[in-house]
file upload09.txt (compact mmCIF, C-alpha atoms)
# COMPACT_ATOMS: atom_id res chain seq x y z
CA MET D 1 64.88 101.80 31.67
CA ASN D 2 62.23 103.41 33.87
CA THR D 3 61.47 106.93 32.76
CA ALA D 4 59.09 109.75 33.60
CA SER D 5 57.06 112.07 31.45
CA ALA D 6 58.97 114.51 29.29
CA ILE D 7 58.54 118.25 29.07
CA ASP D 8 56.35 119.59 26.31
CA GLU D 9 58.15 119.32 22.99
CA GLY D 10 57.12 122.79 22.00
CA SER D 11 58.32 124.50 25.16
CA GLN D 12 61.24 126.89 24.92
CA PRO D 13 64.44 126.34 26.97
CA THR D 14 64.41 128.42 30.12
CA LYS D 15 67.04 128.99 32.72
CA LYS D 16 66.87 126.70 35.72
CA ALA D 17 64.77 128.23 38.47
CA THR D 18 64.25 125.54 41.08
CA SER D 19 66.20 123.02 43.11
CA SER D 20 68.13 120.09 41.63
CA VAL D 21 66.52 117.58 43.96
CA GLN D 22 62.97 116.75 44.82
CA GLU D 23 62.73 118.11 48.30
CA ALA D 24 61.25 116.73 51.51
CA ALA D 25 57.82 115.10 51.34
CA THR D 26 56.05 118.38 52.12
CA ARG D 27 57.41 120.05 49.01
CA LYS D 28 56.33 119.56 45.42
CA ALA D 29 58.72 118.18 42.81
CA PRO D 30 60.31 120.79 40.54
CA PHE D 31 58.46 121.56 37.33
CA GLY D 32 59.90 121.22 33.81
CA SER D 33 62.51 118.51 34.36
CA ARG D 34 64.37 117.08 31.41
CA PHE D 35 63.71 113.34 31.40
CA LEU D 36 65.04 110.85 28.88
CA THR D 37 61.96 109.03 27.59
CA ASN D 38 63.51 107.70 24.40
CA ASP D 39 67.00 106.20 24.46
CA GLY D 40 67.50 107.39 20.91
CA ASP D 41 67.36 111.00 22.12
CA VAL D 42 70.28 110.63 24.52
CA TRP D 43 72.72 112.57 22.29
CA ASN D 44 70.36 115.51 21.78
CA HIS D 45 71.45 117.24 25.01
CA ASN D 46 74.54 117.23 27.19
CA ALA D 47 72.68 116.41 30.42
CA TRP D 48 69.60 114.41 31.42
CA ASP D 49 67.91 114.45 34.79
CA HIS D 50 67.15 111.48 37.02
CA VAL D 51 68.31 108.84 34.59
CA PRO D 52 68.25 105.37 36.18
CA PRO D 53 71.60 103.58 35.90
CA PRO D 54 72.01 101.10 33.05
CA ASP D 55 71.15 97.46 33.60
CA ASP D 56 74.78 96.48 34.04
CA GLN D 57 75.58 99.18 36.60
CA GLY D 58 75.51 96.71 39.48
CA GLU D 59 78.15 94.61 37.77
CA ALA D 60 80.25 97.68 36.93
CA ILE D 61 80.13 98.83 40.55
CA SER D 62 81.04 95.40 41.92
CA LYS D 63 83.99 95.05 39.55
CA ALA D 64 85.28 98.53 40.28
CA LEU D 65 85.06 98.04 44.05
CA GLU D 66 86.68 94.61 43.82
CA LYS D 67 89.68 96.07 41.99
CA GLN D 68 89.96 98.94 44.45
CA ARG D 69 89.80 96.65 47.47
CA SER D 70 92.41 94.30 46.04
CA ASN D 71 94.91 97.18 45.86
CA PRO D 72 94.11 99.70 48.61
CA VAL D 73 96.43 102.33 50.02
CA PRO D 74 99.08 100.39 51.97
CA ALA D 75 98.42 100.48 55.72
CA GLU D 76 101.78 102.11 56.38
CA ASP D 77 100.89 105.02 54.04
CA LYS D 78 97.45 105.86 55.41
CA ALA D 79 98.77 108.02 58.24
CA LYS D 80 100.53 110.44 55.92
CA TYR D 81 97.30 111.14 54.06
CA ASN D 82 95.23 111.58 57.21
CA ASP D 83 97.80 113.64 59.11
CA LYS D 84 97.38 117.39 58.53
CA PRO D 85 95.22 117.10 55.39
CA SER D 86 95.08 120.89 55.17
CA ARG D 87 98.57 120.94 53.69
CA HIS D 88 97.38 118.96 50.67
CA TRP D 89 94.59 121.46 50.00
CA ASP D 90 97.09 124.26 50.55
CA ASN D 91 99.28 122.77 47.83
CA PHE D 92 96.21 122.39 45.64
CA TYR D 93 95.34 126.09 45.87
CA LYS D 94 98.97 127.14 45.44
CA MET D 95 99.08 125.23 42.15
CA ASN D 96 95.63 126.20 40.88
CA ALA D 97 95.07 129.60 42.51
CA ALA D 98 91.50 130.85 41.98
CA ASN D 99 91.22 129.42 38.47
CA PHE D 100 90.15 125.85 39.17
CA PHE D 101 86.52 126.03 40.34
CA ARG D 102 83.96 128.29 38.76
CA ASN D 103 81.72 130.50 40.86
CA ARG D 104 78.67 128.67 42.19
CA LYS D 105 75.95 130.85 40.79
CA TRP D 106 73.61 127.84 41.02
CA LEU D 107 73.28 128.48 44.76
CA HIS D 108 70.53 130.95 43.91
CA ASN D 109 68.41 128.16 42.45
CA GLU D 110 69.26 125.42 44.92
CA PHE D 111 68.94 127.27 48.21
CA PRO D 112 66.38 130.10 48.16
CA GLU D 113 66.60 130.37 51.95
CA LEU D 114 70.20 131.44 51.54
CA VAL D 115 69.41 134.00 48.88
CA ALA D 116 66.58 135.46 50.98
CA GLY D 117 69.20 137.08 53.20
CA THR D 118 70.51 139.10 50.25
CA LYS D 119 67.20 140.83 49.52
CA PRO D 120 66.49 144.48 50.38
CA GLY D 121 65.03 144.79 53.84
CA ALA D 122 66.14 141.32 54.94
CA GLY D 123 67.87 142.87 57.95
CA SER D 124 70.80 141.37 59.82
CA PHE D 125 71.78 138.11 58.13
CA VAL D 126 74.96 136.14 58.80
CA VAL D 127 76.31 133.46 56.45
CA ALA D 128 79.28 131.21 57.22
CA GLU D 129 80.82 129.47 54.23
CA ILE D 130 82.91 126.61 55.57
CA GLY D 131 85.56 125.15 53.30
CA CYS D 132 85.37 128.35 51.28
CA GLY D 133 88.26 127.63 48.94
CA ALA D 134 88.76 130.69 46.75
CA GLY D 135 85.33 132.06 47.68
CA ASN D 136 83.37 130.45 44.85
CA SER D 137 80.19 130.43 46.95
CA ALA D 138 80.76 133.61 48.96
CA TYR D 139 81.44 135.99 46.09
CA PRO D 140 78.47 135.09 43.88
CA LEU D 141 76.31 135.69 46.94
CA LEU D 142 78.05 138.98 47.73
CA SER D 143 77.96 140.15 44.11
CA SER D 144 74.17 139.86 43.92
CA ASN D 145 73.57 141.14 47.44
CA GLN D 146 71.13 144.00 48.04
CA ASN D 147 71.13 143.83 51.83
CA PRO D 148 73.50 146.24 53.63
CA ASP D 149 73.21 144.10 56.76
CA LEU D 150 74.49 140.90 55.13
CA LYS D 151 77.73 139.63 56.63
CA ILE D 152 79.61 136.69 55.16
CA PHE D 153 82.27 134.77 57.05
CA ALA D 154 84.50 132.58 54.86
CA TYR D 155 86.58 129.82 56.49
CA ASP D 156 89.03 127.27 55.20
CA TYR D 157 91.80 125.24 56.81
CA SER D 158 94.03 126.03 53.83
CA PRO D 159 95.87 129.31 54.54
CA HIS D 160 96.49 129.82 50.84
CA ALA D 161 92.79 129.46 50.04
CA VAL D 162 92.00 132.18 52.58
CA LYS D 163 94.63 134.42 50.97
CA LEU D 164 92.90 133.95 47.63
CA VAL D 165 89.61 135.09 49.16
CA GLN D 166 91.30 138.11 50.68
CA ARG D 167 92.94 139.07 47.38
CA ASN D 168 89.62 139.31 45.57
CA GLU D 169 88.81 142.87 44.53
CA LEU D 170 85.46 142.69 46.36
CA TYR D 171 87.04 141.78 49.69
CA GLU D 172 88.16 145.24 50.79
CA ALA D 173 85.30 147.18 49.21
CA PRO D 174 82.18 145.08 48.63
CA PRO D 175 79.38 147.11 47.00
CA ILE D 176 76.89 146.18 49.73
CA GLY D 177 77.36 144.10 52.87
CA SER D 178 80.65 142.73 54.18
CA ILE D 179 82.91 139.69 54.04
CA GLU D 180 85.59 138.43 56.41
CA ALA D 181 87.84 135.42 55.74
CA ALA D 182 89.96 133.49 58.23
CA VAL D 183 91.82 130.22 58.60
CA TRP D 184 89.80 127.71 60.62
CA ASP D 185 89.53 123.94 60.74
CA LEU D 186 85.95 122.67 60.80
CA THR D 187 87.11 119.67 62.84
CA SER D 188 88.83 121.79 65.51
CA THR D 189 88.34 120.53 69.06
CA ALA D 190 88.85 124.14 70.21
CA GLY D 191 85.41 125.03 68.92
CA ILE D 192 84.17 127.72 66.57
CA PRO D 193 86.32 130.52 65.07
CA SER D 194 87.49 133.22 67.45
CA ASN D 195 85.96 135.98 65.30
CA LEU D 196 82.50 134.41 65.45
CA LYS D 197 80.04 134.47 68.32
CA GLU D 198 78.31 131.27 69.30
CA GLY D 199 74.73 131.14 68.04
CA SER D 200 75.18 134.02 65.58
CA VAL D 201 74.96 132.41 62.13
CA ASP D 202 71.74 132.23 60.12
CA VAL D 203 72.99 129.89 57.36
CA ALA D 204 76.08 127.66 57.25
CA VAL D 205 77.19 126.59 53.76
CA LEU D 206 78.77 123.13 53.42
CA ILE D 207 79.41 122.52 49.73
CA PHE D 208 81.68 119.53 48.96
CA VAL D 209 83.19 119.84 52.44
CA MET D 210 82.18 116.89 54.60
CA SER D 211 83.47 114.47 51.96
CA ALA D 212 86.99 115.87 52.47
CA LEU D 213 86.98 114.84 56.14
CA HIS D 214 87.89 111.53 57.73
CA PRO D 215 84.82 109.75 59.16
CA ASN D 216 86.34 110.11 62.63
CA GLU D 217 86.07 113.90 62.19
CA TRP D 218 82.42 114.12 61.22
CA ALA D 219 80.99 114.32 64.74
CA GLN D 220 83.23 117.22 65.76
CA ALA D 221 82.46 119.04 62.53
CA VAL D 222 78.70 118.75 63.04
CA GLU D 223 79.06 119.90 66.66
CA ASN D 224 81.01 122.99 65.61
CA VAL D 225 78.44 123.96 62.99
CA TYR D 226 75.67 123.47 65.53
CA LYS D 227 77.41 125.84 67.97
CA MET D 228 77.80 128.64 65.45
CA LEU D 229 74.19 128.54 64.21
CA LYS D 230 71.36 130.52 65.73
CA PRO D 231 68.42 128.55 67.13
CA GLY D 232 66.53 127.57 64.00
CA GLY D 233 69.61 128.28 61.84
CA LEU D 234 70.07 126.34 58.62
CA ILE D 235 72.77 124.18 57.01
CA VAL D 236 72.75 124.04 53.21
CA PHE D 237 74.64 120.99 52.00
CA ARG D 238 75.81 119.42 48.77
CA ASP D 239 78.36 116.62 48.33
CA TYR D 240 79.28 113.42 46.50
CA GLY D 241 76.86 110.48 46.37
CA ARG D 242 77.63 106.75 46.57
CA TYR D 243 78.74 105.13 43.31
CA ASP D 244 79.14 108.41 41.51
CA LEU D 245 81.33 108.02 38.43
CA ALA D 246 84.15 109.74 40.31
CA GLN D 247 84.16 106.90 42.86
CA LEU D 248 84.16 104.13 40.27
CA ARG D 249 87.01 105.76 38.34
CA PHE D 250 89.55 105.39 41.16
CA LYS D 251 92.31 102.91 40.41
CA SER D 252 94.74 100.98 42.61
CA ASN D 253 96.38 102.51 45.71
CA ARG D 254 93.59 105.09 46.13
CA LEU D 255 91.22 103.37 48.58
CA LEU D 256 91.84 104.57 52.15
CA ASP D 257 88.76 102.97 53.70
CA ASP D 258 85.33 101.90 52.54
CA ASN D 259 84.07 104.68 50.24
CA LEU D 260 86.98 106.96 51.27
CA TYR D 261 89.67 107.68 48.68
CA ILE D 262 92.81 109.67 48.12
CA ARG D 263 93.10 111.62 44.88
CA GLY D 264 96.28 112.06 42.88
CA ASP D 265 96.83 115.43 44.56
CA LYS D 266 96.54 113.72 47.98
CA THR D 267 93.20 115.32 48.90
CA ARG D 268 90.58 112.95 50.34
CA VAL D 269 87.01 112.31 49.22
CA TYR D 270 84.16 110.26 50.70
CA PHE D 271 80.99 109.19 48.86
CA PHE D 272 77.78 109.31 50.93
CA GLU D 273 74.57 107.32 51.20
CA ILE D 274 71.33 109.16 52.03
CA ASP D 275 70.98 107.32 55.37
CA GLU D 276 74.47 108.40 56.36
CA LEU D 277 73.60 112.07 56.00
CA SER D 278 70.35 111.63 57.87
CA LEU D 279 72.17 109.90 60.71
CA MET D 280 74.96 112.47 60.72
CA PHE D 281 72.65 115.43 61.28
CA THR D 282 69.50 113.99 62.89
CA GLY D 283 70.63 110.75 64.52
CA LYS D 284 67.99 108.82 62.57
CA MET D 285 67.86 106.86 59.35
CA ALA D 286 66.18 108.57 56.44
CA THR D 287 62.43 108.17 56.35
CA ALA D 288 60.57 106.15 53.72
CA ALA D 289 59.41 109.42 52.17
CA GLN D 290 62.98 110.69 51.96
CA HIS D 291 64.12 107.44 50.37
CA ALA D 292 61.28 107.77 47.87
CA SER D 293 62.35 111.35 47.24
CA ALA D 294 65.89 110.14 46.63
CA GLN D 295 64.67 107.65 44.06
CA ASN D 296 62.43 110.12 42.26
CA CYS D 297 64.36 113.36 42.46
CA ALA D 298 64.25 115.61 39.43
CA VAL D 299 66.13 118.55 38.02
CA GLU D 300 64.77 121.62 36.25
CA LYS D 301 65.45 121.86 32.53
CA GLU D 302 68.80 123.57 31.97
CA GLU D 303 69.62 125.99 29.21
CA GLU D 304 72.43 124.79 26.95
CA ASP D 305 75.83 126.35 27.59
CA GLU D 306 76.54 128.43 24.49
CA GLU D 307 80.24 128.62 25.26
CA ASN D 308 80.79 124.89 24.84
CA ASN D 309 77.99 124.20 22.36
CA GLY D 310 76.77 121.42 24.62
CA ASP D 311 79.79 119.23 23.88
CA ASN D 312 81.86 119.56 27.05
CA ILE D 313 81.34 117.27 30.03
CA VAL D 314 79.50 119.78 32.16
CA SER D 315 77.07 119.65 35.05
CA PRO D 316 75.10 122.79 35.86
CA THR D 317 75.92 122.42 39.55
CA GLU D 318 79.43 121.01 39.25
CA PRO D 319 81.55 122.69 36.58
CA LEU D 320 83.96 120.85 34.31
CA GLU D 321 86.97 121.70 36.43
CA GLN D 322 85.45 120.13 39.52
CA VAL D 323 84.32 117.07 37.55
CA ILE D 324 87.89 116.66 36.36
CA HIS D 325 89.25 117.09 39.88
CA SER D 326 86.93 114.40 41.19
CA LEU D 327 87.58 112.02 38.31
CA SER D 328 91.26 112.46 37.75
CA ASP D 329 94.01 110.36 39.24
CA VAL D 330 96.51 112.75 37.69
CA LYS D 331 98.52 114.90 40.07
CA ALA D 332 98.56 118.45 38.76
CA SER D 333 101.96 120.10 38.43
CA ASP D 334 102.84 123.77 38.54
CA ASP D 335 102.55 124.05 34.75
CA THR D 336 99.24 122.16 34.47
CA SER D 337 96.18 124.34 33.98
CA ALA D 338 92.57 123.40 34.54
CA SER D 339 91.98 123.33 30.79
CA GLU D 340 94.92 120.97 30.28
CA LEU D 341 93.53 118.68 32.93
CA SER D 342 90.51 118.14 30.69
CA THR D 343 92.55 115.49 28.90
CA ALA D 344 91.96 113.31 31.96
CA THR D 345 88.49 112.61 30.61
CA ASP D 346 89.96 111.12 27.44
CA SER D 347 90.56 107.87 29.30
CA ILE D 348 86.85 107.36 29.96
CA ALA D 349 85.77 104.35 27.94
CA PRO D 350 83.07 104.83 25.27
CA SER D 351 79.59 103.80 26.35
CA PRO D 352 78.78 100.16 25.55
CA ASP D 353 76.39 99.21 22.79
CA PRO D 354 72.93 98.95 24.44
CA SER D 355 72.33 95.74 22.50
CA GLN D 356 75.21 94.14 24.37
CA LEU D 357 73.83 94.95 27.82
CA PRO D 358 71.99 92.35 29.93
CA SER D 359 68.25 92.36 29.31
CA SER D 360 67.30 92.15 32.99
CA PRO D 361 68.48 94.51 35.74
CA GLU D 362 68.12 91.61 38.17
CA ALA D 363 71.08 89.90 36.50
CA TYR D 364 73.45 92.30 38.26
CA PRO D 365 71.82 93.61 41.44
CA MET D 366 73.00 96.89 42.88
CA PRO D 367 75.13 96.52 46.03
CA VAL D 368 73.30 96.66 49.35
CA PRO D 369 73.82 100.14 50.88
CA VAL D 370 76.50 100.12 53.57
CA ILE D 371 76.43 102.69 56.37
CA HIS D 372 79.67 103.77 57.98
CA PRO D 373 79.87 102.32 61.54
CA ASN D 374 80.62 105.76 62.99
CA LEU D 375 77.17 106.85 61.82
CA LEU D 376 75.33 103.59 62.35
CA SER D 377 76.16 103.83 66.05
CA LEU D 378 74.10 107.04 66.24
CA GLN D 379 70.89 105.18 65.44
CA ASN D 380 70.52 103.82 68.97
CA SER D 381 72.18 106.73 70.73
CA GLU D 382 70.39 108.38 73.64
CA ALA D 383 71.76 111.76 72.65
CA GLN D 384 69.21 114.31 71.53
CA PRO D 385 69.23 115.09 67.79
CA LEU D 386 70.83 118.38 66.81
CA PHE D 387 69.02 119.01 63.53
CA SER D 388 65.80 118.28 61.67
CA THR D 389 65.71 117.61 57.95
CA GLU D 390 64.23 120.28 55.72
CA GLN D 391 65.44 118.74 52.47
CA LEU D 392 67.28 115.54 51.63
CA GLY D 393 67.61 114.05 48.20
CA VAL D 394 69.84 112.75 45.46
CA ASP D 395 70.68 114.59 42.27
CA ARG D 396 71.23 111.84 39.67
CA ARG D 397 72.35 113.00 36.28
CA LEU D 398 73.49 111.51 33.01
CA LEU D 399 76.14 113.67 31.38
CA VAL D 400 77.03 112.98 27.78
CA ASN D 401 79.84 114.04 25.49
CA ARG D 402 78.23 114.06 22.10
CA LYS D 403 81.43 114.34 20.11
CA ARG D 404 82.95 111.20 21.62
CA GLN D 405 79.69 109.40 22.41
CA LEU D 406 80.47 109.08 26.12
CA LYS D 407 77.94 108.59 28.92
CA MET D 408 78.73 109.44 32.53
CA TYR D 409 76.44 108.78 35.49
CA ARG D 410 76.90 111.33 38.24
CA VAL D 411 75.41 111.21 41.75
CA TRP D 412 75.31 114.11 44.22
CA MET D 413 73.68 114.41 47.64
CA GLN D 414 71.85 117.56 48.66
CA GLY D 415 70.18 118.60 51.87
CA GLN D 416 69.08 121.33 54.24
CA PHE D 417 69.14 120.77 57.99
CA ARG D 418 67.54 123.01 60.60
CA LYS D 419 69.04 123.48 64.07
CA LEU D 420 66.59 122.29 66.71
CA THR D 421 65.84 124.75 69.49
CA ASP D 422 64.79 122.35 72.26
CA THR D 423 67.82 120.04 72.54
call {"tool": "encode", "arguments": {"input": "upload09.txt", "output": "structure tokens"}}
result
Amino acid sequence: MNTASAIDEGSQPTKKATSSVQEAATRKAPFGSRFLTNDGDVWNHNAWDHVPPPDDQGEAISKALEKQRSNPVPAEDKAKYNDKPSRHWDNFYKMNAANFFRNRKWLHNEFPELVAGTKPGAGSFVVAEIGCGAGNSAYPLLSSNQNPDLKIFAYDYSPHAVKLVQRNELYEAPPIGSIEAAVWDLTSTAGIPSNLKEGSVDVAVLIFVMSALHPNEWAQAVENVYKMLKPGGLIVFRDYGRYDLAQLRFKSNRLLDDNLYIRGDKTRVYFFEIDELSLMFTGKMATAAQHASAQNCAVEKEEEDEENNGDNIVSPTEPLEQVIHSLSDVKASDDTSASELSTATDSIAPSPDPSQLPSSPEAYPMPVPVIHPNLLSLQNSEAQPLFSTEQLGVDRRLLVNRKRQLKMYRVWMQGQFRKLTDT
């Protein structure tokens, strides 16, 4: 296993203060990352940063994909999952209310450009959270806001999700700044929301949003975000990465298309490659430097969660509930709580004995990256690019459950894309 240098043994745990990915080539890697340098230490913490996959990961991926492809969603059923997907998310929020996802306080570490608009004296600053759900990104931002001129717009195509945002006690009387929520579909061919002026948004937040769309909807979604942003406006982005554990856990009758799945609750999820995101926003494949960044990304050392004593399956940037939602093939019912859904992780097989793994990673090569044809066609397009890349990387993390001796390899994509002013 290739590893990097560890933090000083005598250093004290500190709260995470920098981004989870090594940023674009012009930025330095985060300091103080927790690397696994000795396999015997794996059970000492509940999360390790930038852990290369085990030697047999290529074989595990190939077997999982082979099983999924042998039993995909029947062709005659695909339409019902792709037709009006908002209703499935509406049912999701009706069943789970605002209790499923925890507030994304990690935004303050990951995207300092977003937080800058909440500082005193920042002046007029407009944020649009798209796919807002119950407001798990908007309200942490609003709660820490010190800028009276901050305005947050929260949009979701689930009417019930928007109602949850509007029922929050901060909605009618935020301490500082303002928030406005409305139903809007990011893929709408009618353009941007009616309550938003074109070219008025400083930062658009896309957190686990693009993966919920069909690949045929990506272009319209990107165009709509482009229209709402100011010249030089920024997209902050985080989503699922290719061959994340959540992808490999899907069973039969869940594969809609290559790397696109349907969960037990009928919501969709796509798993991205780094080149796909680069093509989506810039019209170009990722650069060599960005690929190198993706292979060498690092995460700041995280303080242990005292509430779970380090034994729950938790990621600092994706809470247990969201891990369960992405992993589970179980359809939640009205009497199923987020805590009860944690039993879904019981079916994860114990980690294999390292002595039984192949000695050479070349024995089971990783699959060759496949780019969705909708995005690959952009590579030779004559259209002018809409965005430049400020940050693009992969957050690779090994999560462990020390009580049950389980290892889980998670992969997330993260980026920031700047609207070009001369297109």
call {"tool": "closest_residue", "arguments": {"input": "upload09.txt", "among": "D:Ala182, D:Val203, D:Leu142, D:Ile235", "to": "Val165 of chain D", "atoms": "all atoms listed in the file"}}
result
D:Ala182
call {"tool": "residues_around", "arguments": {"input": "upload09.txt", "residues": "segment 395-403 of chain D", "least_positions_apart": "4", "cutoff": "6 Å", "atoms": "only C-alpha atoms", "output": "PyMOL selection string"}}
result
chain D and resi 21+43+46-50+311+313+407-412
call {"tool": "residues_around", "arguments": {"input": "upload09.txt", "residues": "segment 365-373 of chain D", "least_positions_apart": "4", "cutoff": "8 Å", "atoms": "all atoms listed in the file", "output": "PyMOL selection string"}}
result
chain D and resi 57-59+61-62+215+273+275-276+361+377
call {"tool": "closest_residue", "arguments": {"input": "upload09.txt", "among": "D:Lys84, D:Ser124, D:Leu234, D:Val269", "to": "Asp185 of chain D", "atoms": "only C-alpha atoms"}}
result
D:Lys84
call {"tool": "residues_near_point", "arguments": {"input": "upload09.txt", "point": "(97.8, 123.5, 47.0)", "cutoff": "10 Å", "atoms": "only C-alpha atoms", "output": "PyMOL selection string"}}
result
chain D and resi 86-97+158-161+265-267+332+334
call {"tool": "residues_around", "arguments": {"input": "upload09.txt", "residues": "Arg254 of chain D", "least_positions_apart": "5", "cutoff": "12 Å", "atoms": "all atoms listed in the file", "output": "PyMOL selection string"}}
result
chain D and resi 65+67-75+77-78+81+247-249+259-270+328-330
call {"tool": "atom_distance", "arguments": {"input": "upload09.txt", "atom1": "atom CA of Gly415 of chain D", "atom2": "atom CA of Val225 of chain D"}}
result
14.9 Å
call {"tool": "atom_distance", "arguments": {"input": "upload09.txt", "atom1": "atom CA of Gln220 of chain D", "atom2": "atom CA of Leu256 of chain D"}}
result
20.5 Å
call {"tool": "atom_distance", "arguments": {"input": "upload09.txt", "atom1": "atom CA of Leu141 of chain D", "atom2": "atom CA of Glu198 of chain D"}}
result
22.9 Å
